[in-house]
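A.B. asks: protein-v2.txt is reproduced in full below (compact mmCIF, C-alpha atoms and all ligand atoms).
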```txt
# COMPACT_ATOMS: atom_id res chain seq x y z
CA GLY B 1 -27.76 -71.16 -73.10
CA SER B 2 -26.53 -67.85 -74.48
CA ILE B 3 -28.30 -66.03 -77.22
CA ALA B 4 -26.62 -65.11 -80.48
CA SER B 5 -26.53 -61.37 -81.13
CA GLY B 6 -29.17 -59.97 -83.42
CA GLU B 7 -31.76 -62.52 -82.40
CA THR B 8 -35.01 -61.41 -80.78
CA ILE B 9 -36.50 -63.43 -77.96
CA ARG B 10 -40.22 -63.68 -77.55
CA ALA B 11 -41.29 -63.50 -73.89
CA THR B 12 -44.73 -63.56 -72.31
CA LEU B 13 -45.69 -60.56 -70.18
CA PHE B 14 -48.61 -60.59 -67.75
CA PRO B 15 -48.98 -56.95 -66.66
CA GLY B 16 -51.37 -58.17 -63.95
CA ASP B 17 -53.74 -56.15 -61.76
CA GLY B 18 -53.64 -53.03 -59.58
CA ILE B 19 -50.22 -51.41 -59.93
CA GLY B 20 -49.27 -54.22 -62.35
CA PRO B 21 -49.82 -52.29 -65.60
CA GLU B 22 -47.90 -49.25 -64.27
CA ILE B 23 -44.83 -51.23 -63.19
CA ALA B 24 -45.01 -53.38 -66.36
CA ASP B 25 -44.90 -50.15 -68.41
CA SER B 26 -41.81 -49.20 -66.46
CA VAL B 27 -40.15 -52.54 -67.34
CA LYS B 28 -41.04 -52.12 -71.02
CA GLN B 29 -39.61 -48.61 -71.03
CA VAL B 30 -36.34 -49.58 -69.32
CA PHE B 31 -35.86 -52.67 -71.50
CA ARG B 32 -36.47 -50.57 -74.60
CA ALA B 33 -33.98 -47.94 -73.47
CA ALA B 34 -31.40 -50.67 -72.80
CA ASP B 35 -32.01 -52.20 -76.23
CA VAL B 36 -32.86 -55.58 -74.75
CA PRO B 37 -33.68 -57.97 -77.62
CA ILE B 38 -37.04 -59.00 -76.16
CA ASP B 39 -40.34 -58.95 -77.94
CA TRP B 40 -43.15 -58.96 -75.35
CA GLU B 41 -46.24 -61.05 -75.93
CA GLU B 42 -48.78 -59.52 -73.55
CA GLN B 43 -51.36 -61.71 -71.86
CA TYR B 44 -54.18 -60.76 -69.53
CA VAL B 45 -56.07 -62.56 -66.82
CA GLY B 46 -59.56 -63.35 -68.12
CA THR B 47 -62.79 -61.88 -66.75
CA GLU B 48 -64.45 -65.28 -66.53
CA ILE B 49 -63.36 -68.81 -65.73
CA ASP B 50 -61.76 -70.65 -68.63
CA PRO B 51 -63.14 -74.20 -68.43
CA ARG B 52 -59.91 -75.55 -69.93
CA THR B 53 -57.88 -74.32 -66.96
CA GLY B 54 -60.61 -74.13 -64.30
CA SER B 55 -59.26 -70.68 -63.54
CA PHE B 56 -59.41 -67.05 -64.64
CA LEU B 57 -56.13 -67.66 -66.43
CA THR B 58 -56.84 -68.52 -70.03
CA TRP B 59 -55.48 -71.55 -71.81
CA GLU B 60 -53.97 -69.24 -74.44
CA SER B 61 -51.98 -67.29 -71.86
CA LEU B 62 -50.52 -70.50 -70.43
CA GLU B 63 -49.76 -71.73 -73.94
CA SER B 64 -47.89 -68.49 -74.55
CA VAL B 65 -45.56 -69.17 -71.59
CA ARG B 66 -45.13 -72.82 -72.60
CA LYS B 67 -44.27 -71.89 -76.16
CA ASN B 68 -41.90 -69.02 -75.28
CA GLY B 69 -40.43 -70.83 -72.27
CA ILE B 70 -39.88 -67.45 -70.63
CA GLY B 71 -42.12 -64.88 -69.03
CA LEU B 72 -42.55 -62.02 -66.60
CA LYS B 73 -45.60 -61.71 -64.40
CA GLY B 74 -46.96 -58.68 -62.60
CA PRO B 75 -49.01 -59.08 -59.43
CA MET B 76 -52.44 -60.63 -59.85
CA ALA B 77 -55.36 -59.90 -57.52
CA THR B 78 -57.12 -63.00 -56.29
CA PRO B 79 -60.56 -63.04 -57.99
CA ILE B 80 -63.51 -63.36 -55.64
CA GLY B 81 -66.09 -66.09 -56.07
CA LYS B 82 -66.23 -69.82 -55.82
CA GLY B 83 -65.53 -72.68 -58.17
CA HIS B 84 -62.18 -71.69 -59.57
CA ARG B 85 -58.59 -72.63 -59.06
CA SER B 86 -56.29 -69.96 -57.62
CA LEU B 87 -54.17 -68.15 -60.20
CA ASN B 88 -50.87 -69.04 -58.58
CA LEU B 89 -51.83 -72.68 -58.16
CA THR B 90 -52.90 -72.83 -61.82
CA LEU B 91 -49.59 -71.38 -62.94
CA ARG B 92 -47.60 -73.68 -60.69
CA LYS B 93 -49.44 -76.83 -61.78
CA GLU B 94 -49.91 -76.06 -65.47
CA LEU B 95 -46.35 -74.86 -65.99
CA GLY B 96 -44.74 -77.38 -63.63
CA LEU B 97 -43.04 -74.60 -61.64
CA TYR B 98 -40.97 -76.68 -59.23
CA ALA B 99 -38.52 -74.15 -57.84
CA ASN B 100 -38.85 -70.58 -56.61
CA VAL B 101 -35.67 -68.54 -56.70
CA ARG B 102 -35.22 -65.27 -54.82
CA PRO B 103 -32.01 -63.31 -54.98
CA CYS B 104 -31.69 -61.03 -51.93
CA TYR B 105 -29.03 -58.37 -51.95
CA SER B 106 -28.44 -55.13 -50.10
CA LEU B 107 -29.00 -52.07 -52.24
CA PRO B 108 -26.08 -49.70 -51.68
CA GLY B 109 -27.43 -46.37 -50.51
CA TYR B 110 -30.68 -47.81 -49.20
CA LYS B 111 -29.83 -48.39 -45.57
CA THR B 112 -31.33 -51.34 -43.74
CA LYS B 113 -30.11 -53.07 -40.59
CA TYR B 114 -27.77 -55.22 -42.71
CA ASP B 115 -25.05 -54.42 -45.22
CA GLY B 116 -23.48 -56.64 -47.83
CA VAL B 117 -26.26 -59.22 -48.00
CA ASN B 118 -25.99 -61.21 -51.21
CA LEU B 119 -27.75 -64.54 -51.00
CA VAL B 120 -30.24 -66.57 -53.01
CA THR B 121 -33.02 -68.74 -51.63
CA ILE B 122 -34.19 -71.69 -53.70
CA ARG B 123 -37.44 -73.21 -52.53
CA GLU B 124 -38.94 -76.54 -53.56
CA ASN B 125 -42.36 -75.54 -54.76
CA THR B 126 -44.51 -78.63 -55.26
CA GLU B 127 -44.67 -80.83 -52.17
CA GLY B 128 -43.72 -80.99 -48.48
CA GLU B 129 -46.40 -79.69 -46.10
CA TYR B 130 -48.07 -77.92 -49.03
CA SER B 131 -49.27 -81.06 -50.74
CA GLY B 132 -52.79 -80.26 -49.53
CA LEU B 133 -53.31 -83.66 -47.92
CA GLU B 134 -55.09 -82.92 -44.67
CA HIS B 135 -57.91 -84.78 -42.97
CA GLN B 136 -59.60 -85.36 -39.66
CA VAL B 137 -58.73 -88.68 -38.07
CA VAL B 138 -61.36 -88.48 -35.32
CA ARG B 139 -63.03 -85.46 -33.75
CA GLY B 140 -60.34 -83.23 -32.26
CA VAL B 141 -57.50 -84.91 -34.13
CA VAL B 142 -56.36 -83.86 -37.60
CA GLU B 143 -53.54 -85.10 -39.72
CA SER B 144 -51.52 -83.41 -42.45
CA LEU B 145 -49.22 -85.38 -44.69
CA LYS B 146 -45.77 -84.02 -45.47
CA ILE B 147 -44.70 -85.58 -48.75
CA ILE B 148 -41.06 -85.62 -49.76
CA THR B 149 -40.05 -87.48 -52.89
CA ARG B 150 -36.67 -88.35 -54.27
CA GLN B 151 -37.74 -87.00 -57.66
CA ALA B 152 -38.74 -83.50 -56.49
CA SER B 153 -35.84 -83.22 -54.02
CA SER B 154 -33.21 -84.19 -56.58
CA ARG B 155 -34.74 -81.87 -59.14
CA VAL B 156 -34.58 -78.80 -56.89
CA ALA B 157 -31.10 -79.76 -55.63
CA GLU B 158 -29.92 -80.11 -59.24
CA TYR B 159 -31.33 -76.69 -59.98
CA ALA B 160 -29.62 -75.14 -56.93
CA PHE B 161 -26.19 -76.45 -57.89
CA HIS B 162 -26.69 -75.60 -61.55
CA TYR B 163 -27.70 -72.09 -60.46
CA ALA B 164 -24.66 -71.76 -58.20
CA LYS B 165 -22.35 -72.85 -60.98
CA THR B 166 -23.86 -70.66 -63.70
CA HIS B 167 -24.16 -67.59 -61.43
CA GLY B 168 -20.63 -67.64 -60.03
CA ARG B 169 -21.70 -68.71 -56.55
CA GLN B 170 -19.35 -70.62 -54.20
CA ARG B 171 -21.55 -72.49 -51.77
CA VAL B 172 -24.89 -74.24 -51.42
CA SER B 173 -26.46 -74.71 -47.97
CA ALA B 174 -29.23 -77.27 -47.61
CA ILE B 175 -31.67 -76.13 -44.90
CA HIS B 176 -33.42 -78.91 -42.98
CA LYS B 177 -34.68 -80.40 -39.73
CA ALA B 178 -33.49 -83.93 -40.39
CA ASN B 179 -32.53 -84.41 -36.74
CA ILE B 180 -36.30 -84.61 -36.03
CA MET B 181 -37.84 -85.30 -39.46
CA LYS B 182 -35.45 -88.15 -40.07
CA LYS B 183 -37.26 -89.72 -42.97
CA THR B 184 -38.62 -86.73 -44.92
CA ASP B 185 -35.90 -84.14 -44.44
CA GLY B 186 -33.43 -87.02 -44.32
CA LEU B 187 -34.37 -87.95 -47.88
CA PHE B 188 -34.18 -84.32 -48.95
CA LEU B 189 -30.64 -84.10 -47.56
CA GLN B 190 -29.64 -87.41 -49.11
CA CYS B 191 -30.68 -86.07 -52.53
CA CYS B 192 -28.74 -82.83 -51.96
CA ARG B 193 -25.62 -84.81 -51.01
CA GLU B 194 -25.84 -86.92 -54.13
CA VAL B 195 -26.08 -83.86 -56.34
CA ALA B 196 -23.29 -82.10 -54.38
CA GLU B 197 -20.92 -84.92 -55.32
CA LYS B 198 -21.36 -84.02 -58.97
CA TYR B 199 -20.30 -80.42 -58.27
CA PRO B 200 -16.95 -80.67 -56.43
CA GLU B 201 -16.20 -77.02 -57.27
CA ILE B 202 -19.18 -75.85 -55.18
CA GLN B 203 -18.94 -76.09 -51.39
CA TYR B 204 -21.81 -77.90 -49.76
CA GLU B 205 -23.07 -77.61 -46.19
CA GLU B 206 -26.15 -78.59 -44.20
CA VAL B 207 -27.72 -76.18 -41.72
CA ILE B 208 -30.58 -76.94 -39.35
CA ILE B 209 -33.48 -74.53 -39.94
CA ASP B 210 -33.57 -73.03 -36.42
CA ASN B 211 -29.84 -72.38 -36.43
CA CYS B 212 -30.19 -70.99 -39.97
CA CYS B 213 -32.72 -68.41 -38.71
CA MET B 214 -30.37 -67.31 -35.97
CA MET B 215 -27.42 -67.06 -38.34
CA LEU B 216 -29.50 -65.10 -40.86
CA VAL B 217 -30.52 -62.41 -38.39
CA LYS B 218 -27.07 -62.25 -36.77
CA ASN B 219 -25.01 -62.23 -39.95
CA PRO B 220 -26.73 -62.89 -43.27
CA THR B 221 -23.46 -62.51 -45.17
CA LEU B 222 -22.59 -66.02 -43.97
CA PHE B 223 -24.86 -67.42 -46.68
CA ASP B 224 -24.61 -67.78 -50.44
CA VAL B 225 -27.19 -70.16 -52.02
CA LEU B 226 -29.79 -71.81 -49.76
CA VAL B 227 -31.88 -74.73 -50.96
CA MET B 228 -34.82 -76.06 -48.95
CA PRO B 229 -38.13 -77.88 -48.85
CA ASN B 230 -41.36 -75.95 -49.46
CA LEU B 231 -42.45 -74.76 -46.00
CA TYR B 232 -38.97 -73.72 -44.83
CA GLY B 233 -38.48 -71.97 -48.16
CA ASP B 234 -41.73 -70.04 -47.83
CA ILE B 235 -40.70 -68.66 -44.45
CA ILE B 236 -36.97 -68.17 -45.02
CA SER B 237 -37.45 -66.43 -48.36
CA ASP B 238 -39.71 -63.80 -46.74
CA LEU B 239 -37.30 -63.42 -43.85
CA CYS B 240 -34.50 -62.77 -46.34
CA ALA B 241 -36.61 -60.23 -48.28
CA GLY B 242 -37.07 -58.41 -44.97
CA LEU B 243 -33.30 -58.29 -44.42
CA VAL B 244 -32.76 -56.15 -47.50
CA GLY B 245 -35.70 -53.78 -47.54
CA GLY B 246 -38.89 -55.68 -48.17
CA LEU B 247 -41.63 -56.08 -50.71
CA GLY B 248 -41.11 -53.29 -53.23
CA LEU B 249 -37.54 -54.42 -53.88
CA THR B 250 -37.56 -58.22 -53.99
CA PRO B 251 -37.54 -60.10 -57.29
CA SER B 252 -38.23 -63.77 -57.79
CA CYS B 253 -38.22 -66.34 -60.53
CA ASN B 254 -40.12 -69.63 -60.87
CA ILE B 255 -38.44 -72.47 -62.68
CA GLY B 256 -40.37 -75.11 -64.58
CA GLU B 257 -39.63 -78.13 -66.70
CA SER B 258 -37.25 -77.95 -69.68
CA GLY B 259 -35.76 -74.64 -68.61
CA LEU B 260 -39.03 -72.72 -68.49
CA ALA B 261 -38.86 -69.62 -66.28
CA LEU B 262 -41.54 -67.23 -65.08
CA ALA B 263 -40.16 -64.26 -63.17
CA GLU B 264 -42.37 -62.20 -60.84
CA ALA B 265 -42.20 -59.59 -58.13
CA VAL B 266 -42.90 -60.87 -54.64
CA HIS B 267 -45.40 -58.15 -53.78
CA GLY B 268 -49.13 -58.01 -54.55
CA SER B 269 -51.25 -55.66 -56.63
CA ALA B 270 -51.17 -52.84 -54.02
CA PRO B 271 -54.78 -51.69 -54.63
CA ASP B 272 -54.29 -48.78 -52.19
CA ILE B 273 -51.89 -47.01 -54.56
CA ALA B 274 -53.00 -48.44 -57.93
CA GLY B 275 -53.44 -45.96 -60.78
CA LYS B 276 -51.72 -43.15 -58.87
CA ASN B 277 -48.26 -43.37 -60.43
CA LEU B 278 -46.78 -44.05 -56.98
CA ALA B 279 -45.74 -47.70 -57.25
CA ASN B 280 -42.14 -48.76 -56.96
CA PRO B 281 -41.32 -50.78 -60.09
CA THR B 282 -37.96 -52.02 -58.71
CA ALA B 283 -39.09 -55.54 -57.76
CA LEU B 284 -40.58 -56.18 -61.19
CA LEU B 285 -37.56 -54.59 -62.89
CA LEU B 286 -35.21 -56.81 -60.90
CA SER B 287 -37.42 -59.79 -61.72
CA GLY B 288 -36.90 -58.83 -65.35
CA VAL B 289 -33.15 -58.84 -64.61
CA THR B 290 -33.34 -62.40 -63.21
CA MET B 291 -35.20 -63.33 -66.40
CA LEU B 292 -32.38 -61.90 -68.52
CA ARG B 293 -29.80 -63.81 -66.48
CA HIS B 294 -31.80 -66.98 -66.99
CA LEU B 295 -31.61 -66.32 -70.74
CA GLY B 296 -27.86 -65.81 -70.53
CA LEU B 297 -28.13 -62.09 -71.35
CA GLN B 298 -25.69 -61.19 -68.58
CA GLU B 299 -24.52 -57.91 -70.06
CA LYS B 300 -28.00 -56.45 -70.40
CA ALA B 301 -28.86 -57.78 -66.96
CA ASP B 302 -25.83 -56.08 -65.39
CA GLN B 303 -26.52 -52.85 -67.23
CA ILE B 304 -30.11 -52.60 -65.96
CA HIS B 305 -29.21 -53.83 -62.49
CA ASN B 306 -26.47 -51.20 -62.15
CA ALA B 307 -28.77 -48.42 -63.39
CA ILE B 308 -31.31 -49.36 -60.71
CA LEU B 309 -28.62 -49.45 -57.99
CA LYS B 310 -27.28 -46.06 -59.09
CA THR B 311 -30.72 -44.49 -59.14
CA ILE B 312 -31.55 -45.69 -55.64
CA GLU B 313 -28.08 -44.85 -54.30
CA GLU B 314 -28.18 -41.35 -55.74
CA GLY B 315 -31.41 -40.89 -53.81
CA LYS B 316 -32.81 -38.08 -55.97
CA TYR B 317 -35.63 -40.10 -57.41
CA ARG B 318 -36.96 -42.58 -54.91
CA THR B 319 -40.55 -43.72 -54.69
CA ARG B 320 -42.55 -43.12 -51.54
CA ASP B 321 -42.13 -46.61 -50.08
CA LEU B 322 -38.37 -45.87 -49.97
CA GLY B 323 -38.93 -42.52 -48.29
CA GLY B 324 -38.79 -40.43 -51.46
CA THR B 325 -41.31 -38.33 -53.37
CA ALA B 326 -40.73 -39.50 -56.95
CA SER B 327 -43.51 -40.90 -59.09
CA THR B 328 -43.21 -44.23 -60.90
CA THR B 329 -42.54 -42.29 -64.11
CA GLU B 330 -39.84 -40.05 -62.61
CA TYR B 331 -38.06 -43.03 -61.08
CA THR B 332 -38.28 -44.98 -64.35
CA ASN B 333 -36.89 -42.05 -66.34
CA ALA B 334 -34.01 -41.78 -63.87
CA VAL B 335 -33.20 -45.49 -64.30
CA CYS B 336 -33.20 -45.01 -68.09
CA ASP B 337 -30.85 -42.02 -67.72
CA HIS B 338 -28.43 -44.20 -65.71
CA LEU B 339 -28.29 -47.00 -68.27
P1 LIG A 1 -49.58 -56.01 -51.45
O1 LIG A 1 -48.20 -56.51 -51.64
O2 LIG A 1 -50.34 -55.74 -52.66
O3 LIG A 1 -49.53 -54.68 -50.58
C1 LIG A 1 -49.00 -54.58 -49.26
C2 LIG A 1 -48.53 -53.13 -48.99
O4 LIG A 1 -47.30 -52.92 -49.69
C3 LIG A 1 -49.49 -52.07 -49.51
O5 LIG A 1 -49.48 -50.97 -48.63
C4 LIG A 1 -48.90 -51.65 -50.83
O6 LIG A 1 -49.21 -50.32 -51.20
C5 LIG A 1 -47.41 -51.84 -50.61
N1 LIG A 1 -46.71 -52.22 -51.85
C6 LIG A 1 -46.69 -53.45 -52.44
N2 LIG A 1 -45.98 -53.41 -53.56
C7 LIG A 1 -45.55 -52.14 -53.70
C8 LIG A 1 -44.76 -51.48 -54.68
N3 LIG A 1 -44.28 -52.12 -55.76
N4 LIG A 1 -44.51 -50.16 -54.52
C9 LIG A 1 -44.96 -49.51 -53.47
N5 LIG A 1 -45.71 -50.07 -52.50
C10 LIG A 1 -46.00 -51.38 -52.61
O7 LIG A 1 -50.33 -57.09 -50.54
P2 LIG A 1 -51.90 -57.23 -50.22
O8 LIG A 1 -52.50 -55.89 -50.01
O9 LIG A 1 -51.96 -58.24 -49.16
O10 LIG A 1 -52.54 -57.87 -51.54
C11 LIG A 1 -53.26 -57.15 -52.52
C12 LIG A 1 -53.68 -58.10 -53.66
O11 LIG A 1 -52.52 -58.67 -54.27
C13 LIG A 1 -54.54 -59.27 -53.20
O12 LIG A 1 -55.55 -59.48 -54.17
C14 LIG A 1 -53.57 -60.44 -53.19
O13 LIG A 1 -54.22 -61.68 -53.44
C15 LIG A 1 -52.66 -60.10 -54.33
N6 LIG A 1 -51.30 -60.71 -54.24
C16 LIG A 1 -50.78 -61.20 -55.38
C17 LIG A 1 -49.49 -61.72 -55.39
C18 LIG A 1 -48.96 -62.27 -56.68
O14 LIG A 1 -49.55 -62.12 -57.74
N7 LIG A 1 -47.81 -62.92 -56.67
C19 LIG A 1 -48.74 -61.73 -54.21
C20 LIG A 1 -49.29 -61.18 -53.05
C21 LIG A 1 -50.57 -60.66 -53.08
```
Show me the file's structure as structure tokens.
Ligand code: NAD
C.D. replies:
Amino acid sequence: GSIASGETIRATLFPGDGIGPEIADSVKQVFRAADVPIDWEEQYVGTEIDPRTGSFLTWESLESVRKNGIGLKGPMATPIGKGHRSLNLTLRKELGLYANVRPCYSLPGYKTKYDGVNLVTIRENTEGEYSGLEHQVVRGVVESLKIITRQASSRVAEYAFHYAKTHGRQRVSAIHKANIMKKTDGLFLQCCREVAEKYPEIQYEEVIIDNCCMMLVKNPTLFDVLVMPNLYGDIISDLCAGLVGGLGLTPSCNIGESGLALAEAVHGSAPDIAGKNLANPTALLLSGVTMLRHLGLQEKADQIHNAILKTIEEGKYRTRDLGGTASTTEYTNAVCDHL
């Protein structure tokens, strides 16, 4: 829902590891300059395993996201050592993050092979081939179970159509291989169709995954919102990030139960450039923008988004990964000047 003016929203911020704190500082600075009514509650990954979560993520930090219902996460380095749950798995399970949303759009002025890309991938995030149910049947034969449920498929389809409607999108494409996976992908499609009927104003189509890949590399502007099961979503979302310039630019947002959202950049902690003021904060900034849109703060979101586009288009202050020489600080200051 939209937020009444004058109200401050409390949001959890995980600066994360490596370049995380530098790019999180950049987000704080830009949000401050844009007068975004957000009060950050900073949380850090613990230095030892919290027995309540079985992970380096503390119970308190997860509680913070649950309570606020909204958060932004910097990249987290995978801790070494045995006997703990991975950070991303902990977040996904504990916060019930069932959908991963990645807007992919061309940045004017930053030339890639494609122009005018403006699509969103929505990936089911809890089941499919990633259910972790693998075993050996006999020596030399293994089996992996692909789980598709009506509940998870309908939930992600609902989210995709809701997203399309609330973000001014025209069309939802369900990506599948139901011609071969008749039962599993068939059920996924069935759920998408049922939800589509409730949204007559949004066009609905079904595209087979292999054809989808060909269409994406030939002409990605053919697509608007894509919704898909876990494995296809993992692959297609990276493919789409590659269409528009790659890691340093791609935002994402994870959606959980009762409207909870945790936005994060797609890239990792970039240890090779950490602490050197070289990181590109764009992906985390744009993740912050998706967070604002989720909160209904469209005006602030547009303002920051446009300042980022202008800064990159102008080309005077680009970070090294985009072929420039600007530091994180110089780029951030330029974005603030363009607000
Ligand atoms: P990475 O994304 O950290 O780095 C890959 C390359 O891209 C590096 O050369 C890096 O310098 C560059 N790069 C990444 N983000 C950049 C940015 N914002 N600006 C400029 N350059 C950038 O991937 P990796 O090296 O495979 O992983 C490093 C660590 O990050 C690992 O511990 C990994 O587990 C973790 N990781 C975390 C997440 C997450 O928290 N969501 C995602 C991926 C990797």
A.B. asks: Choose the residue, out of B:Leu292, B:Ala326, B:Leu222, B:Ile180, that has the smallest atom-to-atom separation from ligand LIG 1 (chain A); count all atoms listed in the file.
C.D. replies: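 Ranked by minimum distance to ligand LIG 1 (chain A), first place goes to B:Ala326.
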A.B. asks: Ligand LIG 1 (chain A): which residues are within 10 Å, counting only C-alpha atoms and all ligand atoms? Reply as a PyMOL selection string.
C.D. replies: chain B and resi 16-20+22-23+73-80+86-88+246-250+252+264-274+277-284+319-322+328
A.B. asks: Go ahead and dump the residues you just picked, C-alpha atoms, as a compact mmCIF listing (two decimals), keeping the file's coordinate frame.
C.D. replies:
```txt
# COMPACT_ATOMS: atom_id res chain seq x y z
CA GLY B 16 -51.37 -58.17 -63.95
CA ASP B 17 -53.74 -56.15 -61.76
CA GLY B 18 -53.64 -53.03 -59.58
CA ILE B 19 -50.22 -51.41 -59.93
CA GLY B 20 -49.27 -54.22 -62.35
CA GLU B 22 -47.90 -49.25 -64.27
CA ILE B 23 -44.83 -51.23 -63.19
CA LYS B 73 -45.60 -61.71 -64.40
CA GLY B 74 -46.96 -58.68 -62.60
CA PRO B 75 -49.01 -59.08 -59.43
CA MET B 76 -52.44 -60.63 -59.85
CA ALA B 77 -55.36 -59.90 -57.52
CA THR B 78 -57.12 -63.00 -56.29
CA PRO B 79 -60.56 -63.04 -57.99
CA ILE B 80 -63.51 -63.36 -55.64
CA SER B 86 -56.29 -69.96 -57.62
CA LEU B 87 -54.17 -68.15 -60.20
CA ASN B 88 -50.87 -69.04 -58.58
CA GLY B 246 -38.89 -55.68 -48.17
CA LEU B 247 -41.63 -56.08 -50.71
CA GLY B 248 -41.11 -53.29 -53.23
CA LEU B 249 -37.54 -54.42 -53.88
CA THR B 250 -37.56 -58.22 -53.99
CA SER B 252 -38.23 -63.77 -57.79
CA GLU B 264 -42.37 -62.20 -60.84
CA ALA B 265 -42.20 -59.59 -58.13
CA VAL B 266 -42.90 -60.87 -54.64
CA HIS B 267 -45.40 -58.15 -53.78
CA GLY B 268 -49.13 -58.01 -54.55
CA SER B 269 -51.25 -55.66 -56.63
CA ALA B 270 -51.17 -52.84 -54.02
CA PRO B 271 -54.78 -51.69 -54.63
CA ASP B 272 -54.29 -48.78 -52.19
CA ILE B 273 -51.89 -47.01 -54.56
CA ALA B 274 -53.00 -48.44 -57.93
CA ASN B 277 -48.26 -43.37 -60.43
CA LEU B 278 -46.78 -44.05 -56.98
CA ALA B 279 -45.74 -47.70 -57.25
CA ASN B 280 -42.14 -48.76 -56.96
CA PRO B 281 -41.32 -50.78 -60.09
CA THR B 282 -37.96 -52.02 -58.71
CA ALA B 283 -39.09 -55.54 -57.76
CA LEU B 284 -40.58 -56.18 -61.19
CA THR B 319 -40.55 -43.72 -54.69
CA ARG B 320 -42.55 -43.12 -51.54
CA ASP B 321 -42.13 -46.61 -50.08
CA LEU B 322 -38.37 -45.87 -49.97
CA THR B 328 -43.21 -44.23 -60.90
```
A.B. asks: I'd like the interatomic distance between CA of Thr121 in chain B and CA of Val227 in chain B, to a tenth of an Å.
C.D. replies: 6.1 Å
A.B. asks: Figure out the distance between CA of Pro251 in chain B and CA of Gly288 in chain B, please, to one decimal in Å.
C.D. replies: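 Spanning CA of Gly288 in chain B to CA of Pro251 in chain B is a straight-line distance of 8.2 Å.
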A.B. asks: Report the distance between CA of Pro15 in chain B and CA of Glu60 in chain B in Å, rounded to one decimal place.
C.D. replies: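 Atom-to-atom, CA of Pro15 in chain B and CA of Glu60 in chain B are spaced 15.4 Å apart.
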A.B. asks: Between B:Glu94, B:Asp50, B:Glu194, B:Glu42, single out the one closest to Ala24 in chain B, counting only C-alpha atoms.
C.D. replies: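 Of B:Glu94, B:Asp50, B:Glu194, B:Glu42, the one nearest Ala24 in chain B is B:Glu42, counting only C-alpha atoms.
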A.B. asks: Tell me which of B:Gly256, B:Thr311, B:Cys213, B:Leu187 sits closest to Ile236 in chain B, counting all atoms listed in the file.
C.D. replies: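 Counting all atoms listed in the file, the residue closest to Ile236 in chain B is B:Cys213.
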A.B. asks: Given all atoms listed in the file as the basis, pick out the residue of B:Thr184, B:Gln190, B:Ser173, B:Ser154 nearest to Glu205 in chain B.
C.D. replies: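 Closest to Glu205 in chain B, using all atoms listed in the file: B:Ser173.
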A.B. asks: Please report as a tab-separated table every residue of range 181-235 of chain B lying within 8 Å of range 161-172 of chain B, along with the nearest atom pair and their distance in Å (one decimal), using all atoms listed in the file.
C.D. replies:
```
residue	atom	partner	partner_atom	distance
B:Val195	CA	B:Phe161	CA	7.6
B:Ala196	CA	B:Phe161	CA	7.3
B:Tyr199	CA	B:Phe161	CA	7.1
B:Glu201	CA	B:Gln170	CA	7.8
B:Ile202	CA	B:Gln170	CA	5.3
B:Gln203	CA	B:Arg171	CA	4.5
B:Tyr204	CA	B:Val172	CA	5.1
B:Glu205	CA	B:Val172	CA	6.5
B:Phe223	CA	B:Arg171	CA	7.9
B:Asp224	CA	B:Arg171	CA	5.8
B:Val225	CA	B:Val172	CA	4.7
B:Leu226	CA	B:Val172	CA	5.7
B:Val227	CA	B:Val172	CA	7.0
```
A.B. asks: Find the spatial neighbours of Leu133 in chain B, counting all atoms listed in the file, within a cut-off of 10 Å - ignore same-chain residues fewer than 6 positions away - and output them as a list of chain:residue names.
C.D. replies: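 Here the qualifying residues turn out to be B:Glu143, B:Ser144, B:Leu145, B:Lys146, B:Ile147.
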A.B. asks: Rank nothing, just name the residue among B:Lys182, B:Arg193, B:Lys28, B:Lys177 nearest to Val207 in chain B, using all atoms listed in the file.
C.D. replies: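 Going through B:Lys182, B:Arg193, B:Lys28, B:Lys177 one by one, the smallest distance to Val207 in chain B is for B:Lys177.
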A.B. asks: Report as JSON, numbers by chain all protein, DNA and RNA residues lying within 10 Å of Leu91 in chain B, evaluated on only C-alpha atoms, omitting residues in the same chain fewer than 3 positions from it.
C.D. replies: {"B": [53, 55, 57, 62, 65, 85, 86, 87, 88, 94, 95, 96, 97, 254, 262]}
A.B. asks: When you count all atoms listed in the file, which of these residues is closest to Thr12 in chain B: B:Val137, B:Met228, B:Ile308, B:Ala263?
C.D. replies: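 That would be B:Ala263, the residue with the smallest distance to Thr12 in chain B.
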A.B. asks: At most 8 Å from (-27.1, -76.6, -42.9), file frame, all atoms listed in the file: which residues, as a list in words?
C.D. replies: Ser173, Ala174, Ile175, His176, Glu205, Glu206, Val207, Ile208, Ile209 and Cys212 of chain B
A.B. asks: Give me, as a list in words, all polymer residues having an atom no more than 9 Å from Ser64 in chain B, counting all atoms listed in the file and skipping those fewer than 3 positions away in the same chain.
C.D. replies: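 These residues fall inside the cut-off: Ala11, Thr12, Glu41, Gln43, Trp59, Glu60, Ser61, Lys67, Asn68, Gly69, Ile70 and Gly71 of chain B.
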